[in-house]
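Next up, final-v3.cif (mmCIF, C-alpha atoms and all ligand atoms):
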data_structure
loop_
_atom_site.label_atom_id
_atom_site.label_comp_id
_atom_site.auth_asym_id
_atom_site.auth_seq_id
_atom_site.Cartn_x
_atom_site.Cartn_y
_atom_site.Cartn_z
CA MET Q 267 146.77 105.35 -231.79
CA ARG Q 268 145.28 103.16 -234.47
CA LEU Q 269 147.36 100.40 -236.09
CA ILE Q 270 146.72 99.94 -239.83
CA ARG Q 271 148.21 96.90 -241.55
CA HIS Q 272 146.33 97.07 -244.86
CA CYS Q 273 145.29 100.04 -246.89
CA GLY Q 274 141.69 98.83 -247.07
CA GLU Q 275 141.40 99.08 -243.27
CA LEU Q 276 141.83 102.84 -243.37
CA PRO Q 277 138.46 104.53 -242.76
CA PRO Q 278 137.71 107.22 -245.38
CA ASP Q 279 137.80 110.00 -242.77
CA LEU Q 280 141.42 109.11 -241.95
CA ARG Q 281 142.66 109.56 -245.50
CA GLY Q 282 144.61 112.71 -246.19
CA CYS Q 283 146.97 112.41 -243.24
CA VAL Q 284 150.42 113.86 -242.78
CA VAL Q 285 152.76 110.87 -242.70
CA ALA Q 286 156.33 110.41 -241.42
CA LEU Q 287 158.11 107.63 -243.34
CA GLY Q 288 160.95 105.56 -241.92
CA ASN Q 289 162.17 102.47 -240.13
CA PHE Q 290 162.60 104.42 -236.90
CA ASP Q 291 164.43 101.58 -235.11
CA GLY Q 292 164.96 102.83 -231.56
CA VAL Q 293 162.71 105.89 -231.98
CA HIS Q 294 165.76 107.97 -231.02
CA ARG Q 295 165.82 111.74 -230.75
CA GLY Q 296 166.40 112.19 -234.51
CA HIS Q 297 163.42 109.97 -235.28
CA GLN Q 298 161.35 111.87 -232.72
CA ALA Q 299 162.16 115.15 -234.53
CA VAL Q 300 160.84 113.67 -237.81
CA ILE Q 301 157.70 112.20 -236.24
CA LEU Q 302 156.93 115.35 -234.26
CA THR Q 303 157.42 117.51 -237.36
CA ALA Q 304 154.70 115.46 -239.08
CA LYS Q 305 152.48 115.89 -236.03
CA ARG Q 306 153.01 119.65 -235.95
CA ILE Q 307 152.27 120.05 -239.68
CA ALA Q 308 149.15 117.88 -239.35
CA GLU Q 309 147.89 119.98 -236.46
CA SER Q 310 148.40 123.16 -238.46
CA LEU Q 311 146.43 121.63 -241.38
CA GLY Q 312 143.76 120.07 -239.18
CA ALA Q 313 144.67 116.66 -240.66
CA PRO Q 314 145.32 113.29 -238.97
CA HIS Q 315 148.98 112.41 -238.31
CA GLY Q 316 150.59 109.07 -238.96
CA VAL Q 317 153.86 107.13 -239.09
CA MET Q 318 154.59 104.49 -241.72
CA THR Q 319 157.14 101.83 -240.86
CA PHE Q 320 158.16 98.51 -242.40
CA GLU Q 321 158.17 95.00 -240.92
CA PRO Q 322 160.29 92.96 -240.91
CA HIS Q 323 163.03 95.59 -240.92
CA PRO Q 324 164.20 95.78 -244.58
CA ARG Q 325 167.79 95.20 -243.46
CA ALA Q 326 166.76 91.89 -241.82
CA PHE Q 327 164.74 90.99 -244.94
CA PHE Q 328 167.73 91.52 -247.25
CA ASN Q 329 170.36 90.00 -244.88
CA PRO Q 330 168.60 87.30 -242.87
CA THR Q 331 171.86 85.79 -241.60
CA GLN Q 332 173.40 88.97 -240.15
CA PRO Q 333 173.71 89.31 -236.35
CA GLN Q 334 170.61 90.55 -234.54
CA PHE Q 335 170.51 94.35 -234.46
CA ARG Q 336 167.04 95.58 -233.47
CA LEU Q 337 166.87 98.29 -230.83
CA THR Q 338 163.08 98.13 -230.80
CA PRO Q 339 161.02 95.14 -231.91
CA PHE Q 340 157.75 96.26 -233.48
CA ARG Q 341 155.61 96.32 -230.34
CA VAL Q 342 158.19 98.44 -228.48
CA LYS Q 343 158.51 100.81 -231.42
CA ALA Q 344 154.72 101.10 -231.56
CA ARG Q 345 154.57 101.94 -227.85
CA LEU Q 346 157.20 104.67 -228.21
CA ILE Q 347 155.43 106.17 -231.22
CA GLU Q 348 152.13 106.09 -229.36
CA ALA Q 349 153.79 107.95 -226.49
CA LEU Q 350 154.52 110.78 -228.96
CA GLY Q 351 150.77 111.20 -229.37
CA ILE Q 352 150.46 109.96 -232.97
CA ASP Q 353 147.00 109.08 -234.39
CA LEU Q 354 147.90 106.37 -236.93
CA LEU Q 355 150.63 103.76 -237.27
CA PHE Q 356 150.88 102.12 -240.70
CA MET Q 357 152.77 98.85 -240.51
CA GLN Q 358 153.70 98.00 -244.09
CA HIS Q 359 154.61 94.34 -244.48
CA PHE Q 360 158.02 94.14 -246.16
CA ASP Q 361 158.19 91.12 -248.46
CA GLN Q 362 159.65 90.38 -251.89
CA ASP Q 363 156.70 91.97 -253.71
CA PHE Q 364 157.04 95.13 -251.68
CA ALA Q 365 160.83 95.16 -252.17
CA ASN Q 366 160.24 95.01 -255.96
CA MET Q 367 158.06 98.12 -255.91
CA THR Q 368 159.78 101.12 -257.49
CA ALA Q 369 159.95 104.41 -255.61
CA LEU Q 370 157.49 105.95 -258.10
CA GLU Q 371 155.04 103.07 -257.63
CA PHE Q 372 155.25 103.48 -253.86
CA VAL Q 373 154.57 107.20 -254.16
CA GLY Q 374 151.68 106.72 -256.59
CA ASP Q 375 150.03 103.58 -255.24
CA VAL Q 376 150.66 103.69 -251.50
CA LEU Q 377 151.04 107.36 -250.62
CA GLY Q 378 148.70 108.58 -253.37
CA ASN Q 379 145.92 106.11 -254.19
CA CYS Q 380 145.80 104.32 -250.87
CA LEU Q 381 146.50 106.93 -248.19
CA LYS Q 382 145.83 110.09 -250.21
CA VAL Q 383 148.46 111.78 -248.03
CA ARG Q 384 148.43 115.55 -247.70
CA HIS Q 385 152.03 115.88 -246.66
CA VAL Q 386 155.07 113.58 -246.41
CA VAL Q 387 157.86 114.02 -243.85
CA VAL Q 388 161.18 112.15 -243.92
CA GLY Q 389 164.59 112.44 -242.29
CA TYR Q 390 167.37 114.14 -244.28
CA ASP Q 391 168.93 110.85 -245.50
CA TYR Q 392 165.86 108.66 -246.03
CA VAL Q 393 165.82 106.42 -249.13
CA PHE Q 394 163.13 103.97 -250.22
CA GLY Q 395 161.85 101.82 -253.08
CA LYS Q 396 163.50 99.28 -255.37
CA GLY Q 397 167.26 99.84 -255.58
CA ARG Q 398 166.91 102.62 -252.95
CA LYS Q 399 166.10 105.03 -255.79
CA GLY Q 400 163.49 106.96 -253.81
CA THR Q 401 165.08 110.07 -252.30
CA GLY Q 402 164.07 113.40 -250.84
CA ALA Q 403 164.59 114.89 -254.34
CA LEU Q 404 162.06 112.45 -255.81
CA LEU Q 405 159.52 113.30 -253.11
CA GLN Q 406 160.18 117.02 -253.63
CA LYS Q 407 159.49 116.57 -257.37
CA ALA Q 408 156.16 114.84 -256.59
CA ALA Q 409 155.37 117.72 -254.22
CA ASP Q 410 156.25 120.32 -256.90
CA GLU Q 411 153.82 118.56 -259.23
CA GLY Q 412 151.10 119.00 -256.62
CA ALA Q 413 150.85 115.43 -255.30
CA PHE Q 414 151.30 116.43 -251.64
CA GLY Q 415 153.33 118.71 -249.44
CA PHE Q 416 156.84 117.58 -248.51
CA THR Q 417 159.30 118.27 -245.70
CA ALA Q 418 162.80 116.77 -245.22
CA VAL Q 419 163.88 117.24 -241.61
CA PRO Q 420 167.56 118.26 -241.23
CA PRO Q 421 169.84 116.19 -238.96
CA GLU Q 422 169.18 116.64 -235.25
CA MET Q 423 172.50 117.22 -233.46
CA ALA Q 424 173.60 115.71 -230.14
CA GLU Q 425 175.46 117.92 -227.64
CA GLY Q 426 178.88 116.94 -229.10
CA GLY Q 427 177.78 118.03 -232.59
CA GLU Q 428 177.25 114.50 -233.91
CA THR Q 429 173.93 113.40 -235.38
CA PHE Q 430 171.63 111.04 -233.52
CA SER Q 431 171.65 107.66 -235.20
CA SER Q 432 170.62 104.06 -234.53
CA THR Q 433 174.20 103.01 -235.36
CA ARG Q 434 175.59 105.23 -232.59
CA VAL Q 435 173.06 103.79 -230.13
CA ARG Q 436 174.12 100.25 -231.07
CA GLU Q 437 177.80 101.19 -230.63
CA ALA Q 438 177.11 102.64 -227.18
CA LEU Q 439 175.35 99.41 -226.16
CA THR Q 440 178.04 97.07 -227.49
CA ASN Q 441 180.64 99.24 -225.69
CA GLY Q 442 178.81 98.90 -222.35
CA ARG Q 443 177.64 102.54 -222.27
CA PRO Q 444 173.89 102.36 -221.58
CA ALA Q 445 173.79 105.93 -220.24
CA ILE Q 446 175.15 107.24 -223.57
CA ALA Q 447 172.57 105.12 -225.42
CA ALA Q 448 169.85 106.65 -223.23
CA GLN Q 449 171.02 110.17 -224.06
CA LEU Q 450 170.87 109.43 -227.78
CA LEU Q 451 167.51 107.69 -227.53
CA GLY Q 452 165.85 110.15 -225.16
CA HIS Q 453 164.74 107.15 -223.10
CA TYR Q 454 166.48 104.22 -221.47
CA TRP Q 455 167.09 101.26 -223.75
CA GLU Q 456 164.84 98.38 -222.76
CA ILE Q 457 164.86 94.69 -223.48
CA GLU Q 458 161.50 93.07 -223.05
CA GLY Q 459 160.43 89.48 -223.11
CA ARG Q 460 158.82 86.58 -221.35
CA VAL Q 461 160.48 85.05 -218.26
CA GLU Q 462 161.72 81.52 -218.94
CA HIS Q 463 162.87 78.62 -216.80
CA GLY Q 464 166.61 78.17 -216.22
CA ASP Q 465 168.74 75.76 -214.17
CA GLN Q 466 167.12 76.86 -210.85
CA ARG Q 467 170.58 77.57 -209.45
CA GLY Q 468 169.99 81.24 -208.70
CA ARG Q 469 167.69 80.58 -205.74
CA THR Q 470 170.29 78.30 -204.14
CA ILE Q 471 172.75 81.19 -203.84
CA GLY Q 472 170.13 83.70 -202.68
CA PHE Q 473 169.88 85.46 -206.04
CA PRO Q 474 166.97 84.09 -208.08
CA THR Q 475 167.09 85.54 -211.58
CA ALA Q 476 164.32 86.00 -214.13
CA ASN Q 477 165.72 84.74 -217.45
CA ILE Q 478 164.96 86.39 -220.80
CA HIS Q 479 166.26 85.47 -224.26
CA LEU Q 480 167.09 88.43 -226.48
CA GLY Q 481 165.61 87.12 -229.75
CA GLU Q 482 165.98 89.80 -232.43
CA TYR Q 483 167.42 92.41 -230.05
CA GLN Q 484 170.86 93.94 -230.49
CA ARG Q 485 173.23 92.26 -228.01
CA PRO Q 486 174.68 94.75 -225.48
CA ALA Q 487 178.15 94.25 -223.95
CA ALA Q 488 178.28 91.06 -221.89
CA GLY Q 489 178.35 92.03 -218.22
CA VAL Q 490 176.51 93.21 -215.16
CA TYR Q 491 174.10 96.17 -215.19
CA ALA Q 492 172.04 98.23 -212.76
CA VAL Q 493 168.52 97.94 -214.20
CA ARG Q 494 164.93 98.95 -213.66
CA ALA Q 495 162.43 96.22 -214.39
CA GLY Q 496 158.87 96.98 -215.43
CA ILE Q 497 156.14 94.47 -214.57
CA ASP Q 498 152.54 94.78 -215.55
CA LEU Q 499 150.51 94.89 -212.35
CA GLY Q 500 146.80 95.36 -212.89
CA GLY Q 501 147.23 97.12 -216.23
CA ALA Q 502 149.90 99.59 -215.09
CA THR Q 503 153.67 99.12 -215.35
CA GLN Q 504 155.37 99.11 -211.98
CA TRP Q 505 159.13 99.79 -212.02
CA LEU Q 506 161.41 97.94 -209.61
CA ASP Q 507 165.17 98.19 -209.02
CA GLY Q 508 167.35 95.28 -210.04
CA VAL Q 509 170.76 93.96 -210.98
CA ALA Q 510 171.21 91.89 -214.13
CA ASN Q 511 173.79 89.89 -215.98
CA PHE Q 512 173.81 89.60 -219.75
CA GLY Q 513 176.07 86.88 -221.06
CA SER Q 514 176.86 83.22 -221.44
CA ARG Q 515 177.68 82.45 -217.77
CA PRO Q 516 181.22 81.09 -218.31
CA THR Q 517 181.40 79.91 -214.69
CA PHE Q 518 179.03 77.12 -215.65
CA ASP Q 519 180.52 76.55 -219.12
CA LYS Q 520 177.30 77.77 -220.74
CA THR Q 521 177.47 79.23 -224.24
CA ASP Q 522 174.05 80.71 -225.04
CA GLN Q 523 173.67 84.36 -224.07
CA ILE Q 524 170.78 85.29 -221.84
CA LEU Q 525 169.63 88.24 -219.72
CA GLU Q 526 169.20 87.33 -216.04
CA VAL Q 527 167.52 89.86 -213.77
CA HIS Q 528 167.50 89.77 -209.99
CA LEU Q 529 164.94 92.17 -208.49
CA LEU Q 530 166.25 93.78 -205.31
CA ASP Q 531 164.19 93.15 -202.15
CA GLN Q 532 161.50 91.18 -204.00
CA ASN Q 533 160.23 87.66 -203.85
CA MET Q 534 157.71 86.84 -206.56
CA ASP Q 535 156.96 84.22 -209.13
CA LEU Q 536 157.79 85.70 -212.52
CA TYR Q 537 157.74 82.61 -214.73
CA GLY Q 538 155.78 83.29 -217.91
CA ARG Q 539 155.37 86.97 -217.00
CA HIS Q 540 156.20 89.75 -219.41
CA LEU Q 541 159.14 91.85 -218.18
CA ARG Q 542 160.59 95.15 -219.44
CA VAL Q 543 164.21 95.63 -218.43
CA ALA Q 544 165.79 99.07 -218.81
CA LEU Q 545 169.63 99.09 -218.74
CA ILE Q 546 170.64 102.06 -216.60
CA ASP Q 547 174.36 101.69 -215.78
CA PHE Q 548 177.15 99.24 -216.54
CA ILE Q 549 178.83 97.69 -213.49
CA ARG Q 550 181.46 95.22 -214.75
CA THR Q 551 182.24 92.69 -217.47
CA GLU Q 552 181.17 89.06 -217.08
CA ARG Q 553 183.82 86.69 -215.64
CA LYS Q 554 184.49 83.03 -215.06
CA PHE Q 555 184.54 82.34 -211.31
CA SER Q 556 186.20 79.40 -209.55
CA GLY Q 557 182.91 78.33 -207.98
CA LEU Q 558 179.54 79.24 -206.51
CA ASP Q 559 180.91 80.92 -203.35
CA GLU Q 560 183.11 83.31 -205.30
CA LEU Q 561 180.21 84.11 -207.70
CA LYS Q 562 177.78 84.66 -204.81
CA SER Q 563 180.08 87.06 -203.02
CA GLN Q 564 180.65 89.04 -206.25
CA ILE Q 565 176.88 89.21 -206.93
CA GLN Q 566 176.40 90.60 -203.39
CA THR Q 567 178.87 93.36 -204.24
CA ASP Q 568 177.15 93.93 -207.63
CA ALA Q 569 173.74 94.25 -205.94
CA ALA Q 570 175.13 96.88 -203.54
CA THR Q 571 176.69 98.77 -206.47
CA ALA Q 572 173.41 98.66 -208.41
CA ARG Q 573 171.55 100.00 -205.37
CA GLN Q 574 173.93 102.97 -205.14
CA MET Q 575 173.83 103.69 -208.88
CA LEU Q 576 170.03 103.60 -208.99
CA ALA Q 577 169.68 105.75 -205.87
CA ALA Q 578 171.88 108.41 -207.53
CA ARG Q 579 169.44 108.77 -210.44
CA HIS Q 580 166.00 110.26 -210.50
CA PHE Q 581 163.20 108.36 -212.17
CA PRO Q 582 159.73 109.70 -212.76
CA ALA Q 583 157.30 108.47 -210.10
CA SER Q 584 154.49 107.75 -212.53
CA PRO Q 585 154.53 104.54 -214.56
CA GLY Q 586 154.75 104.65 -218.34
CA PRO Q 587 157.64 105.13 -220.74
CA MET Q 588 160.70 106.15 -218.80
CA VAL Q 589 162.47 109.29 -219.87
CA ALA Q 590 166.24 109.58 -219.87
CA VAL Q 591 167.81 111.82 -217.27
CA SER Q 592 171.11 113.52 -218.01
CA GLU Q 593 174.42 112.11 -216.77
CA ASN Q 594 175.48 113.41 -213.37
C1 LIG Q 601 174.34 90.28 -210.77
C2 LIG Q 601 174.76 89.00 -211.45
C3 LIG Q 601 176.05 88.86 -211.90
C4 LIG Q 601 176.47 87.69 -212.53
N1 LIG Q 601 177.76 87.58 -212.97
C5 LIG Q 601 178.17 86.44 -213.56
C6 LIG Q 601 179.53 86.29 -214.00
O1 LIG Q 601 180.36 87.22 -213.94
N2 LIG Q 601 179.90 85.11 -214.54
C7 LIG Q 601 179.03 84.06 -214.67
O2 LIG Q 601 179.44 83.01 -215.14
N3 LIG Q 601 177.73 84.18 -214.30
C8 LIG Q 601 177.30 85.34 -213.73
N4 LIG Q 601 175.98 85.47 -213.33
C9 LIG Q 601 175.02 84.44 -213.73
C10 LIG Q 601 174.86 83.35 -212.71
O3 LIG Q 601 175.79 82.38 -213.09
C11 LIG Q 601 173.42 82.81 -212.82
O4 LIG Q 601 172.53 83.83 -212.50
C12 LIG Q 601 173.23 81.66 -211.87
O5 LIG Q 601 174.01 80.61 -212.31
C13 LIG Q 601 171.77 81.23 -211.83
O6 LIG Q 601 171.35 80.65 -213.04
P1 LIG Q 601 169.87 80.15 -213.25
O7 LIG Q 601 168.98 81.36 -213.42
O8 LIG Q 601 169.91 79.33 -214.54
O9 LIG Q 601 169.48 79.34 -212.08
C14 LIG Q 601 175.55 86.64 -212.71
C15 LIG Q 601 174.22 86.78 -212.25
C16 LIG Q 601 173.81 87.95 -211.62
C17 LIG Q 601 172.41 88.08 -211.16
N1 LIG Q 602 163.78 88.89 -206.45
C1 LIG Q 602 163.59 88.09 -207.51
N2 LIG Q 602 164.16 88.41 -208.70
C2 LIG Q 602 164.00 87.59 -209.77
N3 LIG Q 602 163.28 86.46 -209.75
C3 LIG Q 602 162.68 86.09 -208.58
C4 LIG Q 602 162.82 86.89 -207.43
N4 LIG Q 602 162.13 86.29 -206.43
C5 LIG Q 602 161.60 85.17 -206.93
N5 LIG Q 602 161.90 85.04 -208.24
C6 LIG Q 602 161.46 83.88 -209.06
O1 LIG Q 602 162.55 82.97 -209.15
C7 LIG Q 602 162.81 82.62 -210.51
C8 LIG Q 602 164.28 82.45 -210.73
O2 LIG Q 602 164.86 81.55 -209.82
P1 LIG Q 602 166.12 80.71 -210.25
O3 LIG Q 602 166.51 79.82 -209.11
O4 LIG Q 602 167.18 81.64 -210.77
O5 LIG Q 602 165.52 79.80 -211.38
P2 LIG Q 602 165.72 79.73 -212.97
O6 LIG Q 602 167.04 79.12 -213.15
O7 LIG Q 602 164.58 78.89 -213.47
O8 LIG Q 602 165.68 81.15 -213.48
C9 LIG Q 602 162.26 83.79 -211.33
O9 LIG Q 602 161.87 83.41 -212.64
C10 LIG Q 602 161.06 84.21 -210.47
O10 LIG Q 602 159.93 83.44 -210.84
#
Same coordinates, now as structure tokens:
Amino acid sequence: MRLIRHCGELPPDLRGCVVALGNFDGVHRGHQAVILTAKRIAESLGAPHGVMTFEPHPRAFFNPTQPQFRLTPFRVKARLIEALGIDLLFMQHFDQDFANMTALEFVGDVLGNCLKVRHVVVGYDYVFGKGRKGTGALLQKAADEGAFGFTAVPPEMAEGGETFSSTRVREALTNGRPAIAAQLLGHYWEIEGRVEHGDQRGRTIGFPTANIHLGEYQRPAAGVYAVRAGIDLGGATQWLDGVANFGSRPTFDKTDQILEVHLLDQNMDLYGRHLRVALIDFIRTERKFSGLDELKSQIQTDAATARQMLAARHFPASPGPMVAVSEN
């Protein structure tokens, strides 16, 4: 997959693609339907396929003080889109100038003059352009006038008849339901980041923990999770079982929230390493303990619970993006 940040970077032979437009935060199963529709149409036309997405997320641009909400920071989103086999990823920088662009200007200048798109694909409720005036109807009108082909993909339904949505994924995570989030996403939800130094207390109780700050990520429910941690070993991601706590560690009167991951049966220096942490199951809510002994004995129980939960699930043997398995 080729990442294009500026129109001028697009080689002439890659003009005329079929493009899926959207924010696609999470790349959930509804997003996948939109992106794969663009891919299928492109293949039938013999054209390149692409996804156009906007950074920073327009919602974060317009409301910079709102709580963090991202399911997938850009690099994670890009990896998931690449896994769908897409040729081109257009990352459109979202700034004040871009926000001022009308829907018609976007269609004419970006989709038309710059990309010379053959076909545009969006989800059923997608809106774009200044004042959110750009709709499926506007794109259909441009298509009727011969600018390009157009497809609006109808809502993809989950088993219970509800539509897949990033909002529902966020709700599942804040309610401590990572398995539900995984069903909606079609893959386990992952937090990834660099391992930082902490208070070096973990090793003294036999549970060293790799610490990761969540940055722009949506905060899940505070508590203990069975996790799988992905570490880059020689270019391939190796997945290891673990138990993690996300929260503010009230036992030590801390207030900042952090993800702390203990890898089961491992002893390795992870400081400064890049870690992917997939939340698999929720074990319990975070608590304030009377002291280290009580915390240690609870973490021993948590580790045993995580072991059982992870053993009950089946994960693909090969490294790469993990796929969600159904609840059992
Ligand atoms: C499985 C697990 C469960 C935890 N549960 C709690 C908890 O309920 N309450 C709490 O205050 N801290 C909890 N912690 C966080 C520990 O307080 C923290 O890992 C320990 O103090 C080590 O901190 P350090 O990495 O800064 O050295 C948990 C940690 C792990 C690994
Ligand atoms: N099984 C393991 N799981 C997690 N981290 C481990 C493990 N074994 C060794 N480590 C190392 O120990 C560090 C955490 O130890 P800890 O005493 O909790 O220190 P800190 O407070 O700095 O996180 C990790 O960052 C990693 O480098």
Within 7 Å of ligand LIG 601 (chain Q), counting only C-alpha atoms and all ligand atoms, residues as a tab-separated table (two decimals) with C-alpha atoms, in the coordinates of the input:
chain	number	residue	atom	x	y	z
Q	464	GLY	CA	166.61	78.17	-216.22
Q	465	ASP	CA	168.74	75.76	-214.17
Q	466	GLN	CA	167.12	76.86	-210.85
Q	467	ARG	CA	170.58	77.57	-209.45
Q	468	GLY	CA	169.99	81.24	-208.70
Q	469	ARG	CA	167.69	80.58	-205.74
Q	473	PHE	CA	169.88	85.46	-206.04
Q	474	PRO	CA	166.97	84.09	-208.08
Q	475	THR	CA	167.09	85.54	-211.58
Q	476	ALA	CA	164.32	86.00	-214.13
Q	477	ASN	CA	165.72	84.74	-217.45
Q	489	GLY	CA	178.35	92.03	-218.22
Q	490	VAL	CA	176.51	93.21	-215.16
Q	509	VAL	CA	170.76	93.96	-210.98
Q	510	ALA	CA	171.21	91.89	-214.13
Q	511	ASN	CA	173.79	89.89	-215.98
Q	514	SER	CA	176.86	83.22	-221.44
Q	515	ARG	CA	177.68	82.45	-217.77
Q	516	PRO	CA	181.22	81.09	-218.31
Q	517	THR	CA	181.40	79.91	-214.69
Q	518	PHE	CA	179.03	77.12	-215.65
Q	526	GLU	CA	169.20	87.33	-216.04
Q	527	VAL	CA	167.52	89.86	-213.77
Q	528	HIS	CA	167.50	89.77	-209.99
Q	551	THR	CA	182.24	92.69	-217.47
Q	552	GLU	CA	181.17	89.06	-217.08
Q	553	ARG	CA	183.82	86.69	-215.64
Q	554	LYS	CA	184.49	83.03	-215.06
Q	555	PHE	CA	184.54	82.34	-211.31
Q	561	LEU	CA	180.21	84.11	-207.70
Q	565	ILE	CA	176.88	89.21	-206.93
Q	568	ASP	CA	177.15	93.93	-207.63
Q	569	ALA	CA	173.74	94.25	-205.94
Subject >> Counting only C-alpha atoms, the residue of Q:Leu529, Q:Ile347, Q:Val419, Q:Ala492 that sits nearest Val387 in chain Q >> reply: Q:Val419
Original post:
Distance CA of Asn379 in chain Q-CA of Lys396 in chain Q, one decimal place?
Top reply: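 Those two atoms sit 18.9 Å apart.
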Original post:
Do you know which residues are at most 8 Å from Arg542 in chain Q counting only C-alpha atoms, after dropping those on the same chain fewer than 3 positions away, and could you put them as a list in words?
Top reply: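 Neighbouring residues, sequence-local ones excluded: Glu456, Ile457, Glu458, Gly459, Ala495, Gly496 and Ile497 of chain Q.
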**OP:** In Å, rounded to a single decimal, give me how far CA of Pro330 in chain Q is from CA of Val393 in chain Q.
**Re:**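 Result for CA of Val393 in chain Q versus CA of Pro330 in chain Q: 20.3 Å, one decimal.
When all atoms listed in the file are used to measure the gap to ligand LIG 602 (chain Q), the shortest distance among Q:Leu506, Q:Ile549, Q:Leu450, Q:Val373 belongs to Q:Leu506.
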Subject >> Neighbours of point (153.9, 92.4, -227.4) within 9 Å, using all atoms listed in the file, written as a PyMOL selection string >> reply: chain Q and resi 339-342+458-459+540
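Interatomic distance, CA of Leu269 in chain Q to CA of Gly412 in chain Q: 28.0 Å.
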Subject >> Nearby residues (all atoms listed in the file) at most 8 Å from Val285 in chain Q, same-chain spacing under 2 positions excluded, as an MDAnalysis selection string >> reply: chainID Q and resid 283 287 304 315:318 383 385:387
Original post:
Which residues, written as a list of chain:residue names, have at least one atom at most 8 Å from range 349-366 of chain Q, with all atoms listed in the file counted and residues fewer than 3 positions away on the same chain left out?
Top reply: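 Here the answer would be Q:Met267, Q:Arg268, Q:Leu269, Q:Ile270, Q:Arg271, Q:His272, Q:Gln298, Q:Leu302, Q:Lys305, Q:Pro314, Q:His315, Q:Gly316, Q:Val317, Q:Met318, Q:Thr319, Q:Phe320, Q:Glu321, Q:Pro322, Q:His323, Q:Pro324, Q:Phe327, Q:Ala344, Q:Arg345, Q:Leu346, Q:Gly395, Q:Lys396, Q:Pro587.
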Subject >> Residue with smallest distance to Ser556 in chain Q - pool Q:Asp519, Q:Phe581, Q:Asp279, Q:Arg398, counting all atoms listed in the file >> reply: Q:Asp519
Could you add whatever atoms are missing so that range 530-542 of chain Q carries N, CA and C atoms, then write the result as a PDB file, in the coordinates of the input?
ATOM      1  N   LEU Q 530     165.790  93.526-206.677  1.00  0.00           N
ATOM      2  CA  LEU Q 530     166.250  93.780-205.310  1.00  0.00           C
ATOM      3  C   LEU Q 530     165.046  93.792-204.361  1.00  0.00           C
ATOM      4  N   ASP Q 531     165.196  93.129-203.227  1.00  0.00           N
ATOM      5  CA  ASP Q 531     164.190  93.150-202.150  1.00  0.00           C
ATOM      6  C   ASP Q 531     162.815  92.626-202.584  1.00  0.00           C
ATOM      7  N   GLN Q 532     162.786  91.717-203.534  1.00  0.00           N
ATOM      8  CA  GLN Q 532     161.500  91.180-204.000  1.00  0.00           C
ATOM      9  C   GLN Q 532     161.526  89.669-203.942  1.00  0.00           C
ATOM     10  N   ASN Q 533     160.362  89.106-203.777  1.00  0.00           N
ATOM     11  CA  ASN Q 533     160.230  87.660-203.850  1.00  0.00           C
ATOM     12  C   ASN Q 533     158.908  87.381-204.549  1.00  0.00           C
ATOM     13  N   MET Q 534     158.965  87.084-205.833  1.00  0.00           N
ATOM     14  CA  MET Q 534     157.710  86.840-206.560  1.00  0.00           C
ATOM     15  C   MET Q 534     157.932  85.894-207.721  1.00  0.00           C
ATOM     16  N   ASP Q 535     156.892  85.172-208.035  1.00  0.00           N
ATOM     17  CA  ASP Q 535     156.960  84.220-209.130  1.00  0.00           C
ATOM     18  C   ASP Q 535     156.798  84.976-210.444  1.00  0.00           C
ATOM     19  N   LEU Q 536     157.828  84.925-211.261  1.00  0.00           N
ATOM     20  CA  LEU Q 536     157.790  85.700-212.520  1.00  0.00           C
ATOM     21  C   LEU Q 536     157.714  84.799-213.750  1.00  0.00           C
ATOM     22  N   TYR Q 537     157.738  83.503-213.571  1.00  0.00           N
ATOM     23  CA  TYR Q 537     157.740  82.610-214.730  1.00  0.00           C
ATOM     24  C   TYR Q 537     156.549  82.906-215.639  1.00  0.00           C
ATOM     25  N   GLY Q 538     156.847  83.051-216.942  1.00  0.00           N
ATOM     26  CA  GLY Q 538     155.780  83.290-217.910  1.00  0.00           C
ATOM     27  C   GLY Q 538     155.312  84.732-217.959  1.00  0.00           C
ATOM     28  N   ARG Q 539     155.797  85.561-217.014  1.00  0.00           N
ATOM     29  CA  ARG Q 539     155.370  86.970-217.000  1.00  0.00           C
ATOM     30  C   ARG Q 539     156.158  87.757-218.037  1.00  0.00           C
ATOM     31  N   HIS Q 540     155.562  88.864-218.453  1.00  0.00           N
ATOM     32  CA  HIS Q 540     156.200  89.750-219.410  1.00  0.00           C
ATOM     33  C   HIS Q 540     157.004  90.789-218.619  1.00  0.00           C
ATOM     34  N   LEU Q 541     158.278  90.928-218.937  1.00  0.00           N
ATOM     35  CA  LEU Q 541     159.140  91.850-218.180  1.00  0.00           C
ATOM     36  C   LEU Q 541     159.789  92.856-219.127  1.00  0.00           C
ATOM     37  N   ARG Q 542     159.810  94.127-218.721  1.00  0.00           N
ATOM     38  CA  ARG Q 542     160.590  95.150-219.440  1.00  0.00           C
ATOM     39  C   ARG Q 542     161.818  95.429-218.590  1.00  0.00           C
TER      40      ARG Q 542
END
